[in-house]
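> Input file: input21.tsv. Contents: TSV, C-alpha atoms.
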chain	number	residue	atom	x	y	z
X	768	MET	CA	-2.14	13.37	19.20
X	769	GLY	CA	-5.75	13.37	18.07
X	770	GLU	CA	-7.19	14.97	21.22
X	771	PHE	CA	-8.89	18.34	20.95
X	772	VAL	CA	-9.76	20.80	23.69
X	773	THR	CA	-12.55	23.28	24.23
X	774	GLN	CA	-10.37	25.77	26.13
X	775	PRO	CA	-6.63	26.41	26.49
X	776	ALA	CA	-5.16	23.51	28.44
X	777	GLY	CA	-3.91	23.99	31.98
X	778	VAL	CA	-6.04	27.05	32.79
X	779	ALA	CA	-8.96	26.93	35.16
X	780	GLY	CA	-12.06	29.00	34.56
X	781	GLY	CA	-11.40	29.73	30.87
X	782	ASN	CA	-14.14	31.21	28.73
X	783	THR	CA	-15.16	28.06	26.88
X	784	ALA	CA	-17.54	29.96	24.61
X	785	ALA	CA	-14.62	31.93	23.18
X	786	VAL	CA	-12.46	28.92	22.41
X	787	SER	CA	-12.88	26.75	19.31
X	788	SER	CA	-12.97	22.98	19.59
X	789	GLU	CA	-10.74	22.84	16.51
X	790	VAL	CA	-7.56	23.87	18.32
X	791	PRO	CA	-5.36	20.80	18.98
X	792	SER	CA	-4.25	20.37	22.59
X	793	PHE	CA	-0.66	19.51	21.63
X	794	GLN	CA	-0.03	23.08	20.45
X	795	PRO	CA	1.71	25.46	22.85
X	796	LEU	CA	-0.87	27.60	24.64
X	797	TYR	CA	0.09	30.85	22.92
X	798	GLN	CA	-0.22	29.09	19.55
X	799	GLN	CA	-3.75	28.03	20.48
X	800	ILE	CA	-4.60	31.65	21.28
X	801	LYS	CA	-2.96	32.82	18.04
X	802	ALA	CA	-5.07	30.33	16.07
X	803	LEU	CA	-8.25	31.54	17.77
X	804	LEU	CA	-7.41	35.18	17.09
X	805	THR	CA	-6.65	34.35	13.46
X	806	GLN	CA	-10.04	32.68	13.14
X	807	ARG	CA	-11.70	35.84	14.42
X	808	LEU	CA	-9.69	37.99	12.02
X	809	GLU	CA	-10.64	35.76	9.11
X	810	SER	CA	-14.31	35.81	10.07
X	811	GLY	CA	-14.31	39.61	9.86
X	812	GLU	CA	-15.13	40.11	13.53
X	813	TRP	CA	-12.50	42.88	13.45
X	814	ARG	CA	-12.26	44.71	10.15
X	815	PRO	CA	-9.01	45.97	8.59
X	816	GLY	CA	-7.94	49.14	10.37
X	817	GLU	CA	-10.07	48.46	13.46
X	818	SER	CA	-8.62	47.97	16.93
X	819	ILE	CA	-8.83	44.58	18.58
X	820	PRO	CA	-9.51	44.15	22.32
X	821	SER	CA	-6.65	44.87	24.69
X	822	GLU	CA	-4.34	42.12	25.92
X	823	HIS	CA	-6.07	42.39	29.31
X	824	GLU	CA	-9.53	41.92	27.77
X	825	LEU	CA	-8.40	39.02	25.59
X	826	ALA	CA	-6.67	37.34	28.52
X	827	ALA	CA	-9.94	37.54	30.47
X	828	GLN	CA	-11.93	36.18	27.53
X	829	PHE	CA	-9.65	33.18	27.06
X	830	GLY	CA	-8.83	32.61	30.73
X	831	VAL	CA	-5.06	32.86	30.17
X	832	SER	CA	-2.29	35.23	31.24
X	833	GLN	CA	-1.59	38.52	29.49
X	834	GLY	CA	1.89	37.20	28.71
X	835	THR	CA	0.37	34.34	26.71
X	836	VAL	CA	-1.85	36.74	24.77
X	837	ARG	CA	1.08	39.09	24.22
X	838	LYS	CA	3.18	36.31	22.71
X	839	ALA	CA	0.32	35.33	20.38
X	840	ILE	CA	-0.15	38.94	19.25
X	841	ASP	CA	3.60	39.35	18.78
X	842	GLU	CA	3.51	36.51	16.26
X	843	LEU	CA	0.48	37.99	14.48
X	844	ALA	CA	2.32	41.32	14.26
X	845	GLY	CA	5.40	39.54	12.89
X	846	GLU	CA	3.21	38.08	10.15
X	847	ASN	CA	1.71	41.52	9.37
X	848	LEU	CA	-1.79	40.49	10.42
X	849	VAL	CA	-1.96	43.17	13.11
X	850	VAL	CA	-0.09	46.39	13.86
X	851	ARG	CA	0.86	47.66	17.31
X	852	ARG	CA	0.63	51.42	17.84
X	853	GLN	CA	2.37	52.87	20.84
X	854	GLY	CA	-0.13	54.21	23.36
X	855	LYS	CA	-3.11	53.36	21.14
X	856	GLY	CA	-3.38	49.58	21.03
X	857	THR	CA	-3.32	46.85	18.42
X	858	PHE	CA	-5.09	47.20	15.08
X	859	VAL	CA	-5.92	44.87	12.21
X	860	ALA	CA	-3.36	45.53	9.50
X	861	THR	CA	-4.64	46.98	6.25
X	862	HIS	CA	-3.39	47.66	2.74
X	863	THR	CA	-5.04	51.07	2.74
X	864	GLU	CA	-2.74	52.98	5.08
X	865	ALA	CA	0.97	52.74	5.78
X	866	ALA	CA	3.51	53.00	2.99
X	867	SER	CA	5.33	50.10	4.63
X	868	SER	CA	2.37	47.86	3.79
X	869	ILE	CA	2.36	49.04	0.19
X	870	PHE	CA	6.07	48.54	-0.35
X	871	ARG	CA	6.00	45.12	1.32
X	872	PHE	CA	4.43	43.78	-1.88
X	873	LEU	CA	5.78	46.36	-4.32
X	874	ARG	CA	9.39	45.36	-4.87
X	875	VAL	CA	10.36	47.51	-7.85
X	876	ARG	CA	12.69	50.34	-6.83
X	877	ARG	CA	14.45	53.19	-8.57
X	878	ASN	CA	18.12	52.58	-9.21
X	879	ASP	CA	18.99	55.41	-6.82
X	880	GLY	CA	17.33	53.42	-4.02
X	881	GLN	CA	14.39	55.76	-3.47
X	882	ASP	CA	10.89	54.41	-2.91
X	883	GLU	CA	8.47	55.64	-5.53
X	884	TYR	CA	4.78	54.84	-5.66
X	885	PRO	CA	3.74	54.21	-9.27
X	886	ALA	CA	0.70	55.40	-11.17
X	887	SER	CA	-1.54	52.42	-11.88
X	888	GLU	CA	-3.69	52.08	-15.00
X	889	LEU	CA	-6.03	49.14	-15.37
X	890	LEU	CA	-6.03	48.47	-19.11
X	891	ASP	CA	-8.48	45.59	-19.33
X	892	VAL	CA	-10.80	43.37	-17.32
X	893	ARG	CA	-12.07	40.16	-18.88
X	894	ARG	CA	-13.77	37.00	-17.72
X	895	GLY	CA	-12.42	33.63	-18.67
X	896	ARG	CA	-11.83	30.03	-17.63
X	897	ALA	CA	-8.90	28.72	-15.65
X	898	SER	CA	-6.31	26.80	-17.61
X	899	ALA	CA	-4.78	23.71	-16.01
X	900	ASP	CA	-1.67	25.68	-14.99
X	901	ILE	CA	-3.61	28.56	-13.46
X	902	ALA	CA	-6.02	26.20	-11.72
X	903	ARG	CA	-3.06	24.41	-10.15
X	904	ALA	CA	-1.48	27.68	-9.04
X	905	ILE	CA	-4.51	29.13	-7.26
X	906	ASP	CA	-6.30	25.97	-6.20
X	907	LEU	CA	-9.12	25.95	-8.73
X	908	LYS	CA	-10.50	23.31	-11.07
X	909	PRO	CA	-9.65	23.64	-14.77
X	910	GLY	CA	-12.47	25.55	-16.40
X	911	ASP	CA	-13.50	27.44	-13.26
X	912	GLY	CA	-14.39	31.08	-13.80
X	913	VAL	CA	-11.59	33.62	-13.43
X	914	LEU	CA	-11.07	37.34	-13.85
X	915	LEU	CA	-8.21	38.36	-16.14
X	916	LEU	CA	-6.76	41.81	-15.47
X	917	ARG	CA	-4.07	43.68	-17.37
X	918	ARG	CA	-2.45	46.63	-15.62
X	919	LEU	CA	0.31	49.07	-16.45
X	920	LEU	CA	2.47	50.70	-13.77
X	921	ARG	CA	4.23	53.95	-14.57
X	922	TYR	CA	7.13	55.25	-12.52
X	923	GLY	CA	7.87	58.93	-13.06
X	924	GLY	CA	5.51	58.82	-16.03
X	925	GLU	CA	7.45	56.01	-17.75
X	926	PRO	CA	5.77	52.63	-18.36
X	927	THR	CA	7.78	50.19	-16.26
X	928	VAL	CA	5.67	47.12	-15.34
X	929	LEU	CA	2.99	45.29	-17.32
X	930	ASP	CA	0.98	42.98	-15.05
X	931	ASP	CA	-1.31	40.14	-16.08
X	932	ILE	CA	-3.37	39.15	-13.03
X	933	THR	CA	-5.71	36.18	-12.62
X	934	LEU	CA	-8.27	36.02	-9.79
X	935	PRO	CA	-10.98	33.50	-8.84
X	936	ALA	CA	-14.19	35.00	-10.21
X	937	ASN	CA	-16.31	33.81	-7.28
X	938	LEU	CA	-14.33	35.98	-4.83
X	939	PHE	CA	-14.56	39.15	-6.91
X	940	LYS	CA	-18.16	39.33	-8.08
X	941	GLY	CA	-19.01	42.76	-9.43
X	942	PHE	CA	-15.40	43.66	-10.30
X	943	THR	CA	-15.38	46.09	-13.24
X	944	LYS	CA	-12.82	48.46	-14.69
X	945	GLU	CA	-15.13	51.37	-13.89
X	946	ARG	CA	-15.37	50.33	-10.26
X	947	PHE	CA	-11.60	50.08	-9.95
X	948	ASP	CA	-10.96	53.37	-11.74
X	949	VAL	CA	-12.91	55.39	-9.16
X	950	TYR	CA	-11.10	53.75	-6.23
X	951	GLU	CA	-8.26	55.78	-4.74
X	952	GLY	CA	-5.54	53.49	-3.45
X	953	SER	CA	-3.57	50.35	-4.20
X	954	MET	CA	-4.96	47.30	-5.95
X	955	TYR	CA	-4.57	45.21	-2.81
X	956	GLY	CA	-6.37	47.95	-0.90
X	957	PHE	CA	-9.17	47.68	-3.47
X	958	PHE	CA	-9.38	43.91	-3.04
X	959	GLU	CA	-9.55	44.32	0.74
X	960	THR	CA	-12.01	47.23	0.88
X	961	GLU	CA	-14.40	46.21	-1.88
X	962	PHE	CA	-14.33	42.41	-1.71
X	963	GLY	CA	-13.01	41.53	1.74
X	964	VAL	CA	-10.05	39.63	0.29
X	965	ARG	CA	-6.85	40.47	2.16
X	966	MET	CA	-3.48	39.47	0.71
X	967	LEU	CA	-1.27	38.29	3.56
X	968	ARG	CA	1.81	36.91	1.86
X	969	ALA	CA	3.18	36.05	-1.56
X	970	GLU	CA	5.64	33.72	-3.23
X	971	GLU	CA	7.54	34.93	-6.28
X	972	GLN	CA	9.76	33.48	-8.98
X	973	LEU	CA	12.02	35.66	-11.15
X	974	ARG	CA	13.50	34.98	-14.58
X	975	ALA	CA	14.65	36.85	-17.65
X	976	VAL	CA	12.48	36.98	-20.79
X	977	ALA	CA	12.45	38.79	-24.12
X	978	ALA	CA	9.77	41.37	-24.92
X	979	ASP	CA	7.06	40.15	-27.28
X	980	PRO	CA	5.43	42.69	-29.64
X	981	VAL	CA	2.46	43.50	-27.34
X	982	THR	CA	4.64	43.96	-24.27
X	983	ALA	CA	7.26	45.91	-26.21
X	984	GLU	CA	4.62	48.41	-27.33
X	985	ALA	CA	3.16	48.79	-23.84
X	986	LEU	CA	6.55	49.31	-22.17
X	987	ARG	CA	8.08	51.30	-25.05
X	988	VAL	CA	10.99	48.96	-25.60
X	989	GLY	CA	12.24	47.13	-28.66
X	990	ILE	CA	10.89	43.72	-29.55
X	991	GLY	CA	13.20	41.16	-28.00
X	992	SER	CA	14.51	43.56	-25.35
X	993	PRO	CA	15.40	41.87	-22.04
X	994	LEU	CA	12.74	42.11	-19.35
X	995	LEU	CA	12.46	40.84	-15.81
X	996	CYS	CA	9.54	38.44	-15.37
X	997	VAL	CA	8.13	38.20	-11.84
X	998	GLU	CA	5.51	35.50	-11.26
X	999	ARG	CA	3.61	35.77	-7.99
X	1000	ILE	CA	1.09	33.69	-6.11
X	1001	ALA	CA	-0.55	35.68	-3.31
X	1002	TYR	CA	-2.30	34.08	-0.34
X	1003	THR	CA	-5.05	35.09	2.06
X	1004	TYR	CA	-6.08	33.57	5.39
X	1005	GLY	CA	-5.62	29.82	5.74
X	1006	ASP	CA	-2.79	29.96	3.20
X	1007	ARG	CA	-5.38	30.02	0.45
X	1008	PRO	CA	-3.97	31.14	-2.93
X	1009	VAL	CA	-6.19	33.84	-4.46
X	1010	GLU	CA	-4.06	35.61	-7.07
X	1011	PHE	CA	-1.66	34.64	-9.84
X	1012	ARG	CA	0.30	37.54	-11.25
X	1013	ARG	CA	2.86	37.75	-14.04
X	1014	GLY	CA	4.67	41.05	-14.17
X	1015	LEU	CA	7.05	42.06	-16.95
X	1016	CYS	CA	9.43	44.82	-15.88
X	1017	THR	CA	11.89	47.04	-17.67
X	1018	THR	CA	15.19	47.70	-15.91
X	1019	ARG	CA	16.13	50.95	-17.62
X	1020	SER	CA	15.98	52.90	-14.40
X	1021	HIS	CA	14.49	50.43	-11.91
X	1022	HIS	CA	15.37	47.11	-10.33
X	1023	TYR	CA	13.78	44.41	-8.20
X	1024	ALA	CA	14.73	44.78	-4.51
X	1025	ASN	CA	14.53	42.20	-1.76
X	1026	THR	CA	15.92	41.97	1.75
X	1027	LEU	CA	17.05	38.66	3.16
X	1028	SER	CA	17.27	38.29	6.92
Any chance you could put this one into structure tokens?


Amino acid sequence: MGEFVTQPAGVAGGNTAAVSSEVPSFQPLYQQIKALLTQRLESGEWRPGESIPSEHELAAQFGVSQGTVRKAIDELAGENLVVRRQGKGTFVATHTEAASSIFRFLRVRRNDGQDEYPASELLDVRRGRASADIARAIDLKPGDGVLLLRRLLRYGGEPTVLDDITLPANLFKGFTKERFDVYEGSMYGFFETEFGVRMLRAEEQLRAVAADPVTAEALRVGIGSPLLCVERIAYTYGDRPVEFRRGLCTTRSHHYANTLS
């Protein structure tokens, strides 16, 4: 179980230079190729939005069949790391393009079921120190430097979501409100484009809370009004947590939507 290989097992003439010695031999071959491709994605060898080599080229590089490469890429596509485009090839997925990517993380919907992209206003950017709870959530040490963001989302001009977002300061050096305000696109697109931090998946917890005075003023509701609280931890490559977010949402004309399959 502890043996490691320098090329995919069972294939003669593989390109040993392309294969990491950190891939365990007990993994299925396509999983070894998937792990190697993920390493290359994480290293930035292929940037978000760029095409990756064809299945034929990758099969030649790794010394495996195209079917093995195809199965590895299928899994990467299923995890939203890459996107297949008919007749064009396979591209590194990005938060800066398709609406489907945006709405994958944006779960608030109008009550009539229509997707609506909100207007985003960054209210505040501060620097602080991680509390014990935050440090535990995003794998920091208590007292480590963090960025504290407060953002308001408006749907149809109405304030609907108030987000408090905590980020590891060392990953977002140079983040300022002014820098964000001139960026055109989503916040996750900003993280990806400006800092090379790509959010790949998130875990969320939902509960009901009452509006405190600050939140009530921001969302234009009465103090004590019921709100939906959505707490999120978002992860990048290697399942590394890099964002804690607490969103308080009104449900006057919107709801939280999720699809289970």

> What separation in Å, quoted to one decimal, exists between atom CA of Arg871 of chain X and atom CA of Glu984 of chain X?

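Straight-line distance from atom CA of Arg871 of chain X to atom CA of Glu984 of chain X works out to 28.9 Å.
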
> Within 10 Å of (-0.3, 45.8, -22.5), only C-alpha atoms: residues as a PDB file with C-alpha atoms, in the frame of the given file?


ATOM      1  CA  LEU X 889      -6.030  49.140 -15.370  1.00  0.00           C
ATOM      2  CA  LEU X 890      -6.030  48.470 -19.110  1.00  0.00           C
ATOM      3  CA  ASP X 891      -8.480  45.590 -19.330  1.00  0.00           C
ATOM      4  CA  ARG X 917      -4.070  43.680 -17.370  1.00  0.00           C
ATOM      5  CA  ARG X 918      -2.450  46.630 -15.620  1.00  0.00           C
ATOM      6  CA  LEU X 919       0.310  49.070 -16.450  1.00  0.00           C
ATOM      7  CA  VAL X 928       5.670  47.120 -15.340  1.00  0.00           C
ATOM      8  CA  LEU X 929       2.990  45.290 -17.320  1.00  0.00           C
ATOM      9  CA  ASP X 930       0.980  42.980 -15.050  1.00  0.00           C
ATOM     10  CA  ASP X 931      -1.310  40.140 -16.080  1.00  0.00           C
ATOM     11  CA  PRO X 980       5.430  42.690 -29.640  1.00  0.00           C
ATOM     12  CA  VAL X 981       2.460  43.500 -27.340  1.00  0.00           C
ATOM     13  CA  THR X 982       4.640  43.960 -24.270  1.00  0.00           C
ATOM     14  CA  ALA X 983       7.260  45.910 -26.210  1.00  0.00           C
ATOM     15  CA  GLU X 984       4.620  48.410 -27.330  1.00  0.00           C
ATOM     16  CA  ALA X 985       3.160  48.790 -23.840  1.00  0.00           C
ATOM     17  CA  LEU X 986       6.550  49.310 -22.170  1.00  0.00           C
ATOM     18  CA  LEU X1015       7.050  42.060 -16.950  1.00  0.00           C
TER      19      LEU X1015
END

> Measure the distance from atom CA of Val964 of chain X to atom CA of Leu848 of chain X in Å and round it to one decimal.

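Value for the atom CA of Val964 of chain X-atom CA of Leu848 of chain X distance: 13.1 Å.
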
> Neighbouring residues of Asn937 of chain X were defined as those with any atom within 9 Å, considering only C-alpha atoms; residues of the same chain fewer than 2 positions away were excluded. Please report them as a ChimeraX atom specification.

/X:912-913,934-935,939-940

> How many Å separate atom CA of His823 of chain X from atom CA of Lys838 of chain X?

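That distance, rounded to one decimal, is 12.9 Å.
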
> For Leu796 of chain X, which residue out of X:Phe872, X:Phe942, X:Phe957, X:Phe829 is the nearest one, using only C-alpha atoms?

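The answer is X:Phe829, which sits nearest to Leu796 of chain X.
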
> Name the residues in contact with Glu971 of chain X at a cut-off of 7 Å, using only C-alpha atoms, excluding same-chain residues fewer than 6 positions from it; report them as a PyMOL selection string.

chain X and resi 997-1000

> Could you tell me which of X:Phe962, X:Trp813, X:Tyr955, X:Phe793 comes closest to Ser887 of chain X if we count all atoms listed in the file?

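Among the listed residues, X:Tyr955 lies closest to Ser887 of chain X.
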
> If you take all atoms listed in the file and a cut-off of 12 Å, which residues of segment 959-1019 of chain X touch segment 877-883 of chain X, and what are their nearest atom pairs and distances in Å to one decimal, in chain and number order, as a tab-separated table?


residue	atom	partner	partner_atom	distance
X:Thr1017	CA	X:Arg877	CA	11.3
X:Thr1018	CA	X:Asn878	CA	8.8
X:Arg1019	CA	X:Asn878	CA	8.8

> Which one is closest to Ile840 of chain X: X:Pro815, X:Val976, X:Leu803, X:Lys944? Count all atoms listed in the file.

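Using all atoms listed in the file, Ile840 of chain X sits closest to X:Leu803.
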
> Neighbours of Leu915 of chain X within 6 Å (all atoms listed in the file; same-chain residues fewer than 3 positions away dropped), as a PyMOL selection string?

chain X and resi 892-894+932-933

> With all atoms listed in the file as the counted atoms, please give the residues lying no more than 10 Å from Lys801 of chain X, apart from itself and same-chain residues fewer than 5 positions off, as a PyMOL selection string.

chain X and resi 795-796+806-807+835-843

> Residues within 7 Å of Ala897 of chain X, please, as a short mmCIF file (atom, residue, chain, number, x, y, z; two decimals) with C-alpha atoms, keeping the file's coordinate frame. Count all atoms listed in the file; anything in the same chain fewer than 4 positions from it doesn't count.


data_model
loop_
_atom_site.label_atom_id
_atom_site.label_comp_id
_atom_site.auth_asym_id
_atom_site.auth_seq_id
_atom_site.Cartn_x
_atom_site.Cartn_y
_atom_site.Cartn_z
CA ILE X 901 -3.61 28.56 -13.46
CA ALA X 902 -6.02 26.20 -11.72
CA PRO X 909 -9.65 23.64 -14.77
CA GLY X 910 -12.47 25.55 -16.40
CA ASP X 911 -13.50 27.44 -13.26
CA GLY X 912 -14.39 31.08 -13.80
CA VAL X 913 -11.59 33.62 -13.43
#
